[in-house]
$ cat work12.pdb   # PDB, C-alpha atoms and all ligand atoms
ATOM      1  CA  MET D   1       1.964   6.974 -12.408  1.00  0.00           C
ATOM      2  CA  LYS D   2       2.559   3.865 -10.369  1.00  0.00           C
ATOM      3  CA  PHE D   3       5.426   5.078  -8.214  1.00  0.00           C
ATOM      4  CA  HIS D   4       3.556   8.283  -7.355  1.00  0.00           C
ATOM      5  CA  SER D   5       0.499   6.460  -6.050  1.00  0.00           C
ATOM      6  CA  HIS D   6       2.671   4.127  -3.980  1.00  0.00           C
ATOM      7  CA  MET D   7       4.631   7.070  -2.581  1.00  0.00           C
ATOM      8  CA  ASN D   8       1.307   8.679  -1.640  1.00  0.00           C
ATOM      9  CA  ILE D   9       0.580   5.637   0.536  1.00  0.00           C
ATOM     10  CA  ALA D  10       4.025   6.026   2.132  1.00  0.00           C
ATOM     11  CA  LEU D  11       3.248   9.712   2.794  1.00  0.00           C
ATOM     12  CA  THR D  12      -0.029   8.705   4.457  1.00  0.00           C
ATOM     13  CA  GLN D  13       1.929   6.317   6.698  1.00  0.00           C
ATOM     14  CA  ALA D  14       4.334   9.157   7.531  1.00  0.00           C
ATOM     15  CA  LYS D  15       1.387  11.358   8.498  1.00  0.00           C
ATOM     16  CA  LEU D  16      -0.022   8.599  10.719  1.00  0.00           C
ATOM     17  CA  ALA D  17       3.407   8.288  12.385  1.00  0.00           C
ATOM     18  CA  ALA D  18       3.418  12.041  13.109  1.00  0.00           C
ATOM     19  CA  ASP D  19      -0.076  11.719  14.615  1.00  0.00           C
ATOM     20  CA  ARG D  20       1.355   9.067  16.978  1.00  0.00           C
ATOM     21  CA  GLY D  21       4.177  11.423  18.009  1.00  0.00           C
ATOM     22  CA  GLU D  22       6.738   9.531  15.929  1.00  0.00           C
ATOM     23  CA  ILE D  23       9.153  11.102  13.441  1.00  0.00           C
ATOM     24  CA  PRO D  24       7.083  11.120  10.229  1.00  0.00           C
ATOM     25  CA  VAL D  25       8.581   8.510   7.940  1.00  0.00           C
ATOM     26  CA  GLY D  26       6.465   6.017   5.998  1.00  0.00           C
ATOM     27  CA  ALA D  27       7.272   3.059   3.758  1.00  0.00           C
ATOM     28  CA  VAL D  28       5.525   0.721   1.333  1.00  0.00           C
ATOM     29  CA  ILE D  29       6.528  -2.528  -0.382  1.00  0.00           C
ATOM     30  CA  ALA D  30       4.932  -3.329  -3.694  1.00  0.00           C
ATOM     31  CA  GLY D  31       5.265  -6.154  -6.180  1.00  0.00           C
ATOM     32  CA  PRO D  32       3.675  -7.043  -9.488  1.00  0.00           C
ATOM     33  CA  ALA D  33       0.306  -7.518  -7.760  1.00  0.00           C
ATOM     34  CA  GLY D  34       0.484  -4.166  -5.972  1.00  0.00           C
ATOM     35  CA  VAL D  35       1.129  -3.089  -2.395  1.00  0.00           C
ATOM     36  CA  ILE D  36       1.763  -5.968   0.030  1.00  0.00           C
ATOM     37  CA  ALA D  37       2.862  -4.048   3.133  1.00  0.00           C
ATOM     38  CA  GLU D  38       2.923  -0.507   4.492  1.00  0.00           C
ATOM     39  CA  ALA D  39       4.339   0.875   7.736  1.00  0.00           C
ATOM     40  CA  GLY D  40       5.309   4.015   9.566  1.00  0.00           C
ATOM     41  CA  ASN D  41       8.023   4.726  12.074  1.00  0.00           C
ATOM     42  CA  ARG D  42       7.244   3.244  15.551  1.00  0.00           C
ATOM     43  CA  THR D  43      10.508   3.575  17.492  1.00  0.00           C
ATOM     44  CA  ARG D  44       8.869   5.302  20.476  1.00  0.00           C
ATOM     45  CA  GLU D  45       5.745   3.142  20.625  1.00  0.00           C
ATOM     46  CA  LEU D  46       7.733  -0.099  20.476  1.00  0.00           C
ATOM     47  CA  ASN D  47      10.714   1.169  22.509  1.00  0.00           C
ATOM     48  CA  ASP D  48      12.811  -0.118  19.635  1.00  0.00           C
ATOM     49  CA  PRO D  49      15.541   1.909  17.925  1.00  0.00           C
ATOM     50  CA  THR D  50      15.342  -0.454  14.936  1.00  0.00           C
ATOM     51  CA  ALA D  51      11.595   0.130  14.355  1.00  0.00           C
ATOM     52  CA  HIS D  52      12.154   2.457  11.398  1.00  0.00           C
ATOM     53  CA  ALA D  53       9.442   2.406   8.719  1.00  0.00           C
ATOM     54  CA  GLU D  54      11.691   0.471   6.321  1.00  0.00           C
ATOM     55  CA  MET D  55      12.531  -2.239   8.879  1.00  0.00           C
ATOM     56  CA  LEU D  56       8.867  -2.682   9.822  1.00  0.00           C
ATOM     57  CA  VAL D  57       7.656  -2.819   6.231  1.00  0.00           C
ATOM     58  CA  ILE D  58      10.348  -5.366   5.263  1.00  0.00           C
ATOM     59  CA  ARG D  59       9.400  -7.542   8.249  1.00  0.00           C
ATOM     60  CA  ALA D  60       5.694  -7.288   7.391  1.00  0.00           C
ATOM     61  CA  ALA D  61       6.235  -8.107   3.716  1.00  0.00           C
ATOM     62  CA  CYS D  62       8.493 -11.082   4.474  1.00  0.00           C
ATOM     63  CA  ALA D  63       5.987 -12.384   7.037  1.00  0.00           C
ATOM     64  CA  ALA D  64       3.118 -11.989   4.560  1.00  0.00           C
ATOM     65  CA  LEU D  65       5.034 -13.916   1.897  1.00  0.00           C
ATOM     66  CA  GLY D  66       6.589 -16.445   4.288  1.00  0.00           C
ATOM     67  CA  GLN D  67      10.068 -15.829   2.921  1.00  0.00           C
ATOM     68  CA  GLU D  68      13.258 -14.087   4.003  1.00  0.00           C
ATOM     69  CA  ARG D  69      13.875 -12.198   0.755  1.00  0.00           C
ATOM     70  CA  LEU D  70      11.872  -9.774  -1.351  1.00  0.00           C
ATOM     71  CA  THR D  71      13.460 -10.423  -4.716  1.00  0.00           C
ATOM     72  CA  GLY D  72      11.552  -8.512  -7.398  1.00  0.00           C
ATOM     73  CA  TYR D  73       9.751  -6.263  -4.909  1.00  0.00           C
ATOM     74  CA  ASP D  74      10.083  -2.489  -4.660  1.00  0.00           C
ATOM     75  CA  LEU D  75      10.369  -0.330  -1.542  1.00  0.00           C
ATOM     76  CA  TYR D  76       9.032   3.213  -1.344  1.00  0.00           C
ATOM     77  CA  VAL D  77      10.063   5.382   1.607  1.00  0.00           C
ATOM     78  CA  THR D  78       9.486   9.061   2.249  1.00  0.00           C
ATOM     79  CA  LEU D  79      13.032   9.756   3.526  1.00  0.00           C
ATOM     80  CA  GLU D  80      16.479   8.594   2.457  1.00  0.00           C
ATOM     81  CA  PRO D  81      17.181   5.340   4.347  1.00  0.00           C
ATOM     82  CA  CYS D  82      19.706   5.374   7.188  1.00  0.00           C
ATOM     83  CA  PRO D  83      22.689   2.963   7.077  1.00  0.00           C
ATOM     84  CA  MET D  84      20.819   0.279   9.074  1.00  0.00           C
ATOM     85  CA  CYS D  85      17.824   0.333   6.742  1.00  0.00           C
ATOM     86  CA  ALA D  86      19.995   0.477   3.625  1.00  0.00           C
ATOM     87  CA  ALA D  87      21.767  -2.687   4.801  1.00  0.00           C
ATOM     88  CA  ALA D  88      18.405  -4.353   5.465  1.00  0.00           C
ATOM     89  CA  ILE D  89      17.178  -3.330   1.990  1.00  0.00           C
ATOM     90  CA  SER D  90      20.277  -4.967   0.508  1.00  0.00           C
ATOM     91  CA  ASN D  91      19.837  -8.135   2.595  1.00  0.00           C
ATOM     92  CA  ALA D  92      16.173  -8.318   1.545  1.00  0.00           C
ATOM     93  CA  ARG D  93      17.233  -8.171  -2.136  1.00  0.00           C
ATOM     94  CA  ILE D  94      14.795  -5.321  -2.861  1.00  0.00           C
ATOM     95  CA  ALA D  95      14.738  -4.697  -6.627  1.00  0.00           C
ATOM     96  CA  ARG D  96      14.067  -0.957  -6.680  1.00  0.00           C
ATOM     97  CA  LEU D  97      14.311   1.700  -3.977  1.00  0.00           C
ATOM     98  CA  TYR D  98      12.244   4.863  -4.392  1.00  0.00           C
ATOM     99  CA  TYR D  99      12.766   7.540  -1.769  1.00  0.00           C
ATOM    100  CA  GLY D 100      11.622  11.087  -1.142  1.00  0.00           C
ATOM    101  CA  ALA D 101      13.614  13.654   0.806  1.00  0.00           C
ATOM    102  CA  SER D 102      17.350  13.331   1.237  1.00  0.00           C
ATOM    103  CA  ASP D 103      18.632  13.151   4.817  1.00  0.00           C
ATOM    104  CA  ALA D 104      21.865  15.057   5.352  1.00  0.00           C
ATOM    105  CA  LYS D 105      21.916  14.158   9.047  1.00  0.00           C
ATOM    106  CA  SER D 106      21.252  10.406   9.035  1.00  0.00           C
ATOM    107  CA  GLY D 107      21.035   9.220   5.429  1.00  0.00           C
ATOM    108  CA  GLY D 108      23.201   6.301   4.362  1.00  0.00           C
ATOM    109  CA  VAL D 109      22.483   6.037   0.633  1.00  0.00           C
ATOM    110  CA  ALA D 110      23.618   9.239  -1.125  1.00  0.00           C
ATOM    111  CA  GLN D 111      25.707  10.486   1.783  1.00  0.00           C
ATOM    112  CA  GLY D 112      27.340   9.291   4.976  1.00  0.00           C
ATOM    113  CA  PRO D 113      28.498   5.676   4.622  1.00  0.00           C
ATOM    114  CA  ARG D 114      26.840   5.207   1.180  1.00  0.00           C
ATOM    115  CA  ILE D 115      26.008   1.606   1.967  1.00  0.00           C
ATOM    116  CA  PHE D 116      25.156   0.550  -1.602  1.00  0.00           C
ATOM    117  CA  ALA D 117      28.507   1.785  -2.912  1.00  0.00           C
ATOM    118  CA  HIS D 118      30.454  -0.234  -0.348  1.00  0.00           C
ATOM    119  CA  SER D 119      32.467  -3.205  -1.570  1.00  0.00           C
ATOM    120  CA  GLN D 120      30.847  -5.429   1.091  1.00  0.00           C
ATOM    121  CA  CYS D 121      27.346  -4.669  -0.215  1.00  0.00           C
ATOM    122  CA  HIS D 122      26.218  -7.854  -1.983  1.00  0.00           C
ATOM    123  CA  HIS D 123      23.029  -6.548  -3.566  1.00  0.00           C
ATOM    124  CA  VAL D 124      22.393  -3.053  -4.914  1.00  0.00           C
ATOM    125  CA  PRO D 125      18.826  -2.034  -5.819  1.00  0.00           C
ATOM    126  CA  GLU D 126      17.990   0.398  -8.586  1.00  0.00           C
ATOM    127  CA  ILE D 127      17.659   3.730  -6.781  1.00  0.00           C
ATOM    128  CA  TYR D 128      15.290   6.606  -7.588  1.00  0.00           C
ATOM    129  CA  ASP D 129      15.448   9.605  -5.254  1.00  0.00           C
ATOM    130  CA  GLY D 130      13.502  12.836  -4.891  1.00  0.00           C
ATOM    131  CA  ILE D 131      10.032  11.253  -5.358  1.00  0.00           C
ATOM    132  CA  ALA D 132       7.537  13.616  -3.647  1.00  0.00           C
ATOM    133  CA  ALA D 133      10.538  14.981  -1.750  1.00  0.00           C
ATOM    134  CA  ALA D 134       8.913  18.359  -0.989  1.00  0.00           C
ATOM    135  CA  ALA D 135       5.849  16.784   0.629  1.00  0.00           C
ATOM    136  CA  SER D 136       8.042  14.544   2.778  1.00  0.00           C
ATOM    137  CA  GLN D 137      10.372  17.381   3.747  1.00  0.00           C
ATOM    138  CA  ASP D 138       7.442  19.660   4.659  1.00  0.00           C
ATOM    139  CA  MET D 139       6.001  17.007   6.975  1.00  0.00           C
ATOM    140  CA  LEU D 140       9.355  16.524   8.730  1.00  0.00           C
ATOM    141  CA  ARG D 141       9.893  20.287   9.043  1.00  0.00           C
ATOM    142  CA  ARG D 142       6.425  20.820  10.539  1.00  0.00           C
ATOM    143  CA  PHE D 143       6.914  17.922  12.965  1.00  0.00           C
ATOM    144  CA  PHE D 144      10.183  19.266  14.345  1.00  0.00           C
ATOM    145  CA  ALA D 145       8.884  22.875  14.407  1.00  0.00           C
ATOM    146  CA  ASP D 146       5.885  21.762  16.499  1.00  0.00           C
ATOM    147  CA  ARG D 147       8.131  19.888  18.924  1.00  0.00           C
ATOM    148  CA  ARG D 148      10.248  23.005  19.503  1.00  0.00           C
ATOM    149  CA  ARG D 149       7.225  25.077  20.549  1.00  0.00           C
TER     150      ARG D 149
HETATM  151 ZN    ZN D 201      16.488   3.561   9.109  1.00  0.00          ZN
END
$ encode --input "work12.pdb" --output "structure tokens"
Amino acid sequence: MKFHSHMNIALTQAKLAADRGEIPVGAVIAGPAGVIAEAGNRTRELNDPTAHAEMLVIRAACAALGQERLTGYDLYVTLEPCPMCAAAISNARIARLYYGASDAKSGGVAQGPRIFAHSQCHHVPEIYDGIAAAASQDMLRRFFADRRR
């Protein structure tokens, strides 16, 4: 199915992030013509606390299209977006958000500040959670287990 193949690309980006020593989170933006951008977390490499996979993939997709909004496009990310990324997803007018594992510690969609449920949130995407959640969770668990060694 379409959303599974796109989430597989996001998982590959998460794996590449782990290989770079970054927390393994990957994201993809796809439209009617298919995938237009993919990215993994690069906060350490770029010395940038905003360089989450979602922020980077939104920037790349907007740059590729030469526009500030992604109306009609879908975002796939391996982990529940944090509040910053959820706000960016809203500002970008993403049509559908597909995410993998939930994030009890830093998530901002189904827990914490629940950005999309806030009265100041001007655009709410359709949200589908738990897509390939086990694969995403396993990668995160392995990453943090290795770092504790
Ligand atoms: Zn984020």
$ atom_distance --input "work12.pdb" --atom1 "atom CA of Ala17 of chain D" --atom2 "atom CA of Leu140 of chain D"
10.8 Å
$ resolve_selection --input "work12.pdb" --expression "the PyMOL selection byres (((chain D and resi 11) around 12) and not hetatm)" --output "PyMOL selection string"
chain D and resi 4-10+12-18+24-28+38-41+53+76-79+99-101+131-140
$ closest_atom_pairs --input "work12.pdb" --of "chain D" --to "ligand ZN 201 (chain D)" --cutoff "6 Å" --atoms "all atoms listed in the file" --output "Markdown table"
| residue | atom | partner | partner_atom | distance |
| --- | --- | --- | --- | --- |
| D:His52 | CA | D:ZN201 | ZN | 5.0 |
| D:Pro81 | CA | D:ZN201 | ZN | 5.1 |
| D:Cys82 | CA | D:ZN201 | ZN | 4.2 |
| D:Met84 | CA | D:ZN201 | ZN | 5.4 |
| D:Cys85 | CA | D:ZN201 | ZN | 4.2 |
$ closest_residue --input "work12.pdb" --among "D:Pro83, D:Tyr73, D:Ala95, D:Ala63" --to "Thr50 of chain D" --atoms "all atoms listed in the file"
D:Pro83
$ residues_near_point --input "work12.pdb" --point "(18.2, 13.6, -3.3)" --cutoff "7 Å" --atoms "all atoms listed in the file" --output "number ranges by chain"
D: 101-102, 129-130
$ atom_distance --input "work12.pdb" --atom1 "atom CA of Gln67 of chain D" --atom2 "atom CA of Asn91 of chain D"
12.4 Å
$ atom_distance --input "work12.pdb" --atom1 "atom CA of Ile29 of chain D" --atom2 "atom CA of Arg147 of chain D"
29.6 Å
